[in-house]
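A.B. asks: This is the content of input.cif (mmCIF, C-alpha atoms):
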```cif
data_model
#
loop_
_atom_site.label_atom_id
_atom_site.label_comp_id
_atom_site.auth_asym_id
_atom_site.auth_seq_id
_atom_site.Cartn_x
_atom_site.Cartn_y
_atom_site.Cartn_z
CA MET A 1 80.89 11.23 86.10
CA LYS A 2 77.74 10.53 84.03
CA GLU A 3 79.95 9.83 81.01
CA GLN A 4 82.01 7.38 83.06
CA ILE A 5 78.85 5.49 84.04
CA LYS A 6 77.73 5.36 80.40
CA ASP A 7 81.12 3.97 79.33
CA ARG A 8 81.03 1.43 82.13
CA ALA A 9 77.57 0.26 81.07
CA LEU A 10 78.67 -0.09 77.44
CA ILE A 11 81.77 -2.06 78.46
CA LYS A 12 79.74 -4.34 80.72
CA GLN A 13 77.25 -5.09 77.97
CA TYR A 14 80.00 -5.66 75.44
CA ILE A 15 81.75 -8.15 77.73
CA GLN A 16 78.39 -9.91 78.09
CA GLY A 17 78.30 -10.35 74.32
CA ASN A 18 76.61 -7.26 72.90
CA GLU A 19 78.92 -6.35 69.99
CA ALA A 20 76.93 -3.19 69.17
CA CYS A 21 78.15 -1.66 72.44
CA LEU A 22 81.75 -1.82 71.26
CA GLU A 23 80.81 0.11 68.12
CA MET A 24 79.05 2.73 70.26
CA LEU A 25 82.06 3.01 72.54
CA ILE A 26 84.47 3.40 69.61
CA ASN A 27 82.25 5.94 67.84
CA LYS A 28 81.98 7.95 71.04
CA HIS A 29 85.73 8.25 71.56
CA LYS A 30 87.24 7.67 68.10
CA ASN A 31 87.99 11.31 67.24
CA LYS A 32 89.73 12.09 70.52
CA VAL A 33 91.81 8.91 70.38
CA PHE A 34 92.66 9.32 66.70
CA THR A 35 93.53 13.02 67.04
CA THR A 36 95.82 12.23 69.98
CA ILE A 37 97.63 9.52 67.99
CA PHE A 38 97.80 11.62 64.82
CA LEU A 39 99.26 14.60 66.69
CA ILE A 40 101.88 12.33 68.29
CA VAL A 41 103.03 10.50 65.14
CA ASN A 42 102.21 13.18 62.53
CA ASP A 43 101.41 10.61 59.87
CA ARG A 44 97.86 9.69 58.97
CA TYR A 45 98.71 6.16 57.81
CA ILE A 46 100.73 5.27 60.89
CA ALA A 47 97.99 6.85 63.01
CA GLU A 48 95.37 4.57 61.39
CA ASP A 49 97.51 1.49 62.17
CA LEU A 50 98.11 2.55 65.76
CA PHE A 51 94.41 3.38 66.19
CA GLN A 52 93.49 -0.16 65.12
CA GLU A 53 96.20 -1.71 67.31
CA THR A 54 95.02 0.33 70.29
CA PHE A 55 91.41 -0.83 70.08
CA ILE A 56 92.41 -4.43 69.37
CA LYS A 57 94.42 -4.29 72.61
CA VAL A 58 91.37 -2.80 74.35
CA ILE A 59 89.20 -5.69 73.10
CA LYS A 60 91.71 -8.28 74.27
CA THR A 61 91.86 -6.68 77.72
CA PHE A 62 88.04 -6.67 77.96
CA LYS A 63 87.77 -10.31 76.89
CA SER A 64 90.51 -11.48 79.21
CA GLY A 65 88.63 -9.92 82.15
CA LYS A 66 91.62 -7.74 83.05
CA TYR A 67 89.90 -4.36 82.60
CA ASN A 68 89.96 -2.27 85.76
CA GLU A 69 86.57 -0.55 86.09
CA GLU A 70 87.79 2.04 88.56
CA GLY A 71 89.57 4.26 86.05
CA LYS A 72 88.12 6.38 83.28
CA PHE A 73 87.91 4.67 79.89
CA LEU A 74 89.26 7.36 77.55
CA PRO A 75 92.48 8.21 79.47
CA TRP A 76 93.14 4.47 79.75
CA VAL A 77 92.80 4.04 75.98
CA VAL A 78 95.00 7.08 75.36
CA ARG A 79 97.66 5.62 77.64
CA ILE A 80 97.65 2.41 75.54
CA ALA A 81 97.85 4.50 72.34
CA ARG A 82 100.75 6.56 73.67
CA ASN A 83 102.68 3.42 74.65
CA LEU A 84 102.10 1.92 71.20
CA ALA A 85 103.29 5.17 69.58
CA ILE A 86 106.46 5.09 71.72
CA ASP A 87 107.02 1.43 70.70
CA HIS A 88 106.52 2.41 67.08
CA PHE A 89 109.24 5.08 67.30
CA ARG A 90 111.58 2.66 69.10
CA LYS A 91 111.09 0.02 66.39
CA ALA A 92 111.58 2.62 63.64
CA LYS A 93 114.86 3.65 65.27
CA ARG A 94 116.03 0.03 65.38
CA MET A 95 115.13 -0.55 61.73
CA PRO A 96 118.20 -1.92 59.89
CA THR A 97 119.69 0.04 57.03
CA ILE A 98 119.10 -1.61 53.65
CA THR A 99 120.97 -0.07 50.78
CA SER A 100 119.83 -0.13 47.19
CA GLN A 101 122.09 -0.86 44.22
CA ASP A 102 123.07 2.77 43.91
CA GLY A 103 124.03 2.84 47.61
CA GLU A 104 121.03 4.75 48.91
CA ASP A 105 119.35 3.78 52.17
CA ILE A 106 115.91 2.43 51.20
CA PHE A 107 114.27 3.50 54.44
CA ARG A 108 115.75 6.96 54.11
CA THR A 109 114.11 7.21 50.67
CA PHE A 110 110.86 6.12 52.24
CA GLU A 111 111.30 8.75 54.94
CA VAL A 112 111.78 11.46 52.33
CA SER A 113 108.67 10.44 50.44
CA GLU A 114 106.74 10.41 53.73
CA ASP A 115 107.93 13.97 54.37
CA ASN A 116 106.85 15.06 50.91
CA ARG A 117 103.45 13.47 51.33
CA GLU A 118 103.07 15.24 54.65
CA GLN A 119 104.11 18.56 53.16
CA SER A 120 101.70 18.30 50.26
CA TYR A 121 98.95 17.37 52.74
CA ILE A 122 99.69 20.53 54.71
CA LYS A 123 99.83 22.67 51.59
CA ASN A 124 96.42 21.43 50.59
CA GLN A 125 95.05 22.87 53.79
CA ASP A 126 95.06 26.31 55.33
CA GLU A 127 98.65 27.53 55.71
CA ASN A 128 98.13 28.18 59.42
CA THR A 129 96.41 25.09 60.74
CA ILE A 130 96.28 24.50 64.45
CA ARG A 131 98.16 21.25 63.94
CA GLN A 132 101.10 23.13 62.46
CA ILE A 133 101.16 25.45 65.44
CA ILE A 134 101.00 22.50 67.87
CA ASN A 135 103.96 20.95 66.02
CA MET A 136 105.97 24.13 66.54
CA LEU A 137 105.85 23.69 70.33
CA PRO A 138 108.78 22.13 72.24
CA PRO A 139 108.12 18.33 72.54
CA GLU A 140 107.52 18.32 76.30
CA GLN A 141 104.92 21.10 75.97
CA LYS A 142 103.28 19.47 72.98
CA GLN A 143 103.04 16.16 74.86
CA VAL A 144 101.17 17.67 77.83
CA LEU A 145 98.89 19.70 75.56
CA VAL A 146 97.93 16.70 73.41
CA LEU A 147 97.38 14.33 76.34
CA ARG A 148 95.34 16.88 78.31
CA HIS A 149 93.29 18.47 75.57
CA TYR A 150 92.67 15.57 73.20
CA GLY A 151 93.40 12.57 75.39
CA ASP A 152 91.30 13.81 78.32
CA MET A 153 93.99 12.82 80.81
CA SER A 154 94.07 14.83 84.03
CA PHE A 155 97.21 16.79 84.90
CA LYS A 156 97.82 14.26 87.68
CA GLU A 157 97.64 11.35 85.21
CA ILE A 158 99.95 13.17 82.78
CA ALA A 159 102.44 13.81 85.59
CA GLU A 160 102.40 10.07 86.37
CA VAL A 161 102.90 8.81 82.80
CA THR A 162 105.57 11.39 81.97
CA ASN A 163 107.40 11.00 85.30
CA VAL A 164 107.24 14.65 86.33
CA SER A 165 105.57 16.52 89.19
CA ILE A 166 102.05 17.83 88.72
CA ASN A 167 103.41 21.40 88.92
CA THR A 168 105.83 20.65 86.06
CA ALA A 169 102.95 19.25 83.98
CA LEU A 170 100.84 22.34 84.73
CA GLY A 171 103.78 24.64 83.97
CA ARG A 172 104.41 22.93 80.62
CA MET A 173 100.76 23.27 79.68
CA ARG A 174 100.75 26.97 80.60
CA TYR A 175 103.85 27.56 78.47
CA ALA A 176 102.25 25.56 75.64
CA LEU A 177 99.10 27.73 75.69
CA ASN A 178 101.18 30.92 75.98
CA ASN A 179 103.43 29.91 73.11
CA MET A 180 100.43 28.99 70.98
CA ARG A 181 98.92 32.38 71.67
CA LYS A 182 102.17 34.11 70.70
CA ILE A 183 102.38 32.16 67.42
CA ILE A 184 98.71 32.87 66.71
CA THR A 185 99.27 36.58 67.35
CA GLU A 186 102.36 36.61 65.13
CA LYS A 187 100.47 34.87 62.34
CA SER A 188 97.41 37.07 62.95
CA ILE A 189 95.01 34.14 63.24
CA SER A 190 91.57 34.95 64.54
CA LEU A 191 90.79 33.36 67.89
CA GLN A 192 87.07 33.36 67.19
CA MET B 1 101.82 39.59 88.02
CA ASP B 2 100.26 36.66 89.87
CA ASN B 3 102.32 33.84 91.26
CA THR B 4 102.85 30.45 89.65
CA SER B 5 100.46 28.65 91.98
CA THR B 6 97.61 31.01 91.08
CA LEU B 7 98.31 30.59 87.37
CA ASN B 8 98.44 26.80 87.74
CA ASN B 9 95.08 26.88 89.53
CA LEU B 10 93.69 29.11 86.80
CA LEU B 11 94.73 26.49 84.27
CA LYS B 12 93.06 23.79 86.37
CA LEU B 13 89.92 25.95 86.38
CA THR B 14 90.08 26.24 82.57
CA TYR B 15 90.14 22.44 82.36
CA SER B 16 87.53 21.91 85.11
CA GLU B 17 90.07 20.38 87.47
CA ALA B 18 90.08 23.03 90.21
CA THR B 19 88.78 21.94 93.61
CA GLU B 20 85.88 23.78 95.25
CA ASN B 21 88.30 25.60 97.54
CA GLU B 22 90.61 26.59 94.65
CA ARG B 23 87.57 27.86 92.72
CA LEU B 24 86.49 30.07 95.62
CA ILE B 25 89.97 31.56 96.06
CA LEU B 26 90.29 32.16 92.32
CA LYS B 27 86.87 33.79 92.14
CA ASN B 28 88.01 36.47 94.59
CA LYS B 29 91.33 36.94 92.84
CA LEU B 30 89.64 37.25 89.46
CA ILE B 31 87.29 39.94 90.78
CA ASN B 32 90.26 41.97 91.97
CA SER B 33 92.79 41.47 89.18
CA GLU B 34 92.37 42.62 85.62
CA ASP B 35 95.66 40.89 84.66
CA LEU B 36 94.35 37.60 85.94
CA ARG B 37 91.05 38.04 84.08
CA ARG B 38 92.99 38.71 80.88
CA GLU B 39 95.15 35.63 81.47
CA PHE B 40 92.03 33.51 82.05
CA LYS B 41 90.51 34.80 78.82
CA HIS B 42 93.70 33.95 76.89
CA MET B 43 93.66 30.39 78.25
CA CYS B 44 89.97 29.94 77.35
CA ASP B 45 90.52 31.41 73.85
CA VAL B 46 93.34 28.99 72.99
CA LYS B 47 91.35 26.11 74.48
CA SER B 48 88.39 26.95 72.19
CA LEU B 49 90.74 27.11 69.23
CA LEU B 50 92.11 23.65 70.07
CA ASP B 51 88.53 22.37 70.21
CA GLN B 52 88.21 23.12 66.49
CA GLU B 53 91.02 20.69 65.64
CA PHE B 54 89.78 17.13 65.50
CA TYR B 55 90.58 14.34 63.09
CA ALA B 56 88.53 11.25 62.41
CA PRO B 57 89.87 7.80 61.65
CA ASN B 58 89.02 6.14 58.37
CA PRO B 59 85.79 4.06 58.59
CA THR B 60 87.87 1.06 57.38
CA SER B 61 89.84 1.20 60.63
CA ILE B 62 86.62 0.94 62.65
CA GLN B 63 85.50 -1.95 60.45
CA ILE B 64 88.79 -3.81 61.00
CA ILE B 65 88.46 -3.40 64.78
CA LEU B 66 84.85 -4.64 64.80
CA GLU B 67 85.76 -7.64 62.65
CA GLU B 68 88.64 -8.43 64.99
CA SER B 69 86.23 -8.33 67.92
CA GLN B 70 83.86 -10.78 66.24
CA LYS B 71 86.78 -13.03 65.30
CA ASN B 72 87.89 -13.14 68.90
CA GLU B 73 84.36 -13.97 69.96
CA LEU B 74 84.31 -16.98 67.61
CA GLU B 75 87.73 -18.11 68.83
CA THR B 76 86.40 -18.00 72.39
CA TYR B 77 83.56 -20.36 71.42
CA LEU B 78 85.98 -22.69 69.61
CA ASP B 79 88.06 -22.98 72.79
#
```
Rewrite the structure from the file as structure tokens, please.
C.D. replies:
Amino acid sequence: MKEQIKDRALIKQYIQGNEACLEMLINKHKNKVFTTIFLIVNDRYIAEDLFQETFIKVIKTFKSGKYNEEGKFLPWVVRIARNLAIDHFRKAKRMPTITSQDGEDIFRTFEVSEDNREQSYIKNQDENTIRQIINMLPPEQKQVLVLRHYGDMSFKEIAEVTNVSINTALGRMRYALNNMRKIITEKSISLQ
Amino acid sequence: MDNTSTLNNLLKLTYSEATENERLILKNKLINSEDLRREFKHMCDVKSLLDQEFYAPNPTSIQIILEESQKNELETYLD
């Protein structure tokens, strides 16, 4: 509750013209918002773009006077980020096929190089990163886990945005934690 | 093993979402069930592990957002 009041005060001051308050607000929540986006899209460059787009949308909402003060700030931002990520995937799916002279789909080539970049990024890190384990979860479990743990959305809010009952959201999260524990045990990762 | 509703409430407790009444009921169940205590520990352990995984955006992204905010401010004055 205290955190909510702090956010509200920062937003109020920002709307009144204090730009420094926006910086404080972003710095306070940037890692949670960015981690949520990154875990959804699995690409650091796309995540950076969506992170910027998300906060630019936040700014526009503040300046247009449409921000609803009743809700919590972070889950609201995460909801915007999630919608932008969904839009991104929709657009990517609609992307037309452009073939090169040798008949190869240019965007497919791009996709492959993205995959390689991602793989080399993973290889540079510990072989058993938490992110890799999260990515091994079924999509519906991963979604609840990311939105609850990193996006700070309540189970009720997650149930609303994903169109399921609260018990389904809770069940998916329990399975996600159980599956993570199983993978961790299999890979003998220390839980400390 | 404990029923689904108890496990769901245990998860809510792990994420500080359990109501006062749910907390009281769980407290008694936890005292009496070793299985439930083990399950609670597992949930807390994975939660702590997830807490170690955070990524930060590039400072350039923050800079772009702040510049956009100032740009909008100027546009407002121009209107």
A.B. asks: Determine, for each residue of chain B having at least one atom at most 7 Å from an atom of chain A, the closest pair of atoms and their separation in Å to one decimal, counting all atoms listed in the file; order by chain and ascending number, as a Markdown table.
C.D. replies:
```
| residue | atom | partner | partner_atom | distance |
| --- | --- | --- | --- | --- |
| B:Asn8 | CA | A:Leu170 | CA | 5.9 |
| B:Met43 | CA | A:Leu177 | CA | 6.6 |
| B:Asp45 | CA | A:Leu191 | CA | 6.3 |
| B:Val46 | CA | A:Leu177 | CA | 6.5 |
| B:Leu49 | CA | A:Leu191 | CA | 6.4 |
| B:Glu53 | CA | A:Ile130 | CA | 6.6 |
| B:Phe54 | CA | A:Thr35 | CA | 5.8 |
| B:Tyr55 | CA | A:Thr35 | CA | 5.1 |
| B:Ala56 | CA | A:Asn31 | CA | 4.9 |
| B:Pro57 | CA | A:Phe34 | CA | 6.0 |
| B:Ser61 | CA | A:Gln52 | CA | 5.9 |
| B:Ile65 | CA | A:Gln52 | CA | 6.0 |
| B:Ser69 | CA | A:Ile59 | CA | 6.5 |
```
A.B. asks: Find the distance between CA of Pro75 (chain A) and CA of Met153 (chain A) and write it in Å to one decimal.
C.D. replies: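 CA of Met153 (chain A) lies at a distance of 5.0 Å from CA of Pro75 (chain A).
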A.B. asks: If we draw a sphere of 12 Å around (99.5, 30.5, 88.9), which residues have at least one atom in it when counting all atoms listed in the file? Please report them as a PDB file with C-alpha atoms, in the coordinates of the input.
C.D. replies:
```pdb
ATOM      1  CA  ASN A 167     103.410  21.400  88.920  1.00  0.00           C
ATOM      2  CA  LEU A 170     100.840  22.340  84.730  1.00  0.00           C
ATOM      3  CA  GLY A 171     103.780  24.640  83.970  1.00  0.00           C
ATOM      4  CA  MET A 173     100.760  23.270  79.680  1.00  0.00           C
ATOM      5  CA  ARG A 174     100.750  26.970  80.600  1.00  0.00           C
ATOM      6  CA  TYR A 175     103.850  27.560  78.470  1.00  0.00           C
TER       7      TYR A 175
ATOM      8  CA  MET B   1     101.820  39.590  88.020  1.00  0.00           C
ATOM      9  CA  ASP B   2     100.260  36.660  89.870  1.00  0.00           C
ATOM     10  CA  ASN B   3     102.320  33.840  91.260  1.00  0.00           C
ATOM     11  CA  THR B   4     102.850  30.450  89.650  1.00  0.00           C
ATOM     12  CA  SER B   5     100.460  28.650  91.980  1.00  0.00           C
ATOM     13  CA  THR B   6      97.610  31.010  91.080  1.00  0.00           C
ATOM     14  CA  LEU B   7      98.310  30.590  87.370  1.00  0.00           C
ATOM     15  CA  ASN B   8      98.440  26.800  87.740  1.00  0.00           C
ATOM     16  CA  ASN B   9      95.080  26.880  89.530  1.00  0.00           C
ATOM     17  CA  LEU B  10      93.690  29.110  86.800  1.00  0.00           C
ATOM     18  CA  LEU B  11      94.730  26.490  84.270  1.00  0.00           C
ATOM     19  CA  LYS B  12      93.060  23.790  86.370  1.00  0.00           C
ATOM     20  CA  LEU B  13      89.920  25.950  86.380  1.00  0.00           C
ATOM     21  CA  GLU B  22      90.610  26.590  94.650  1.00  0.00           C
ATOM     22  CA  ILE B  25      89.970  31.560  96.060  1.00  0.00           C
ATOM     23  CA  LEU B  26      90.290  32.160  92.320  1.00  0.00           C
ATOM     24  CA  LYS B  29      91.330  36.940  92.840  1.00  0.00           C
ATOM     25  CA  LEU B  30      89.640  37.250  89.460  1.00  0.00           C
ATOM     26  CA  ASP B  35      95.660  40.890  84.660  1.00  0.00           C
ATOM     27  CA  LEU B  36      94.350  37.600  85.940  1.00  0.00           C
ATOM     28  CA  GLU B  39      95.150  35.630  81.470  1.00  0.00           C
ATOM     29  CA  PHE B  40      92.030  33.510  82.050  1.00  0.00           C
TER      30      PHE B  40
END
```
A.B. asks: For each of A:Asn163, A:Gln13, A:Thr185, A:Gln143, take the minimum atom-to-atom distance to Val41 (chain A), counting all atoms listed in the file, then give the residue where this is smallest.
C.D. replies: A:Gln143
A.B. asks: Between CA of Arg172 (chain A) and CA of Ile158 (chain A), measure the distance and give it in Å to one decimal.
C.D. replies: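 If I compute the distance from CA of Arg172 (chain A) to CA of Ile158 (chain A), I get 10.9 Å.
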A.B. asks: Quick one, how far is CA of Leu25 (chain A) from CA of Gly151 (chain A)?
C.D. replies: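 The value is 15.1 Å.
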A.B. asks: Can you work out which one of A:Ile133, A:Ala85, A:Ile11, A:Leu147 has the shortest atom-to-atom distance to Ala159 (chain A), counting all atoms listed in the file?
C.D. replies: A:Leu147
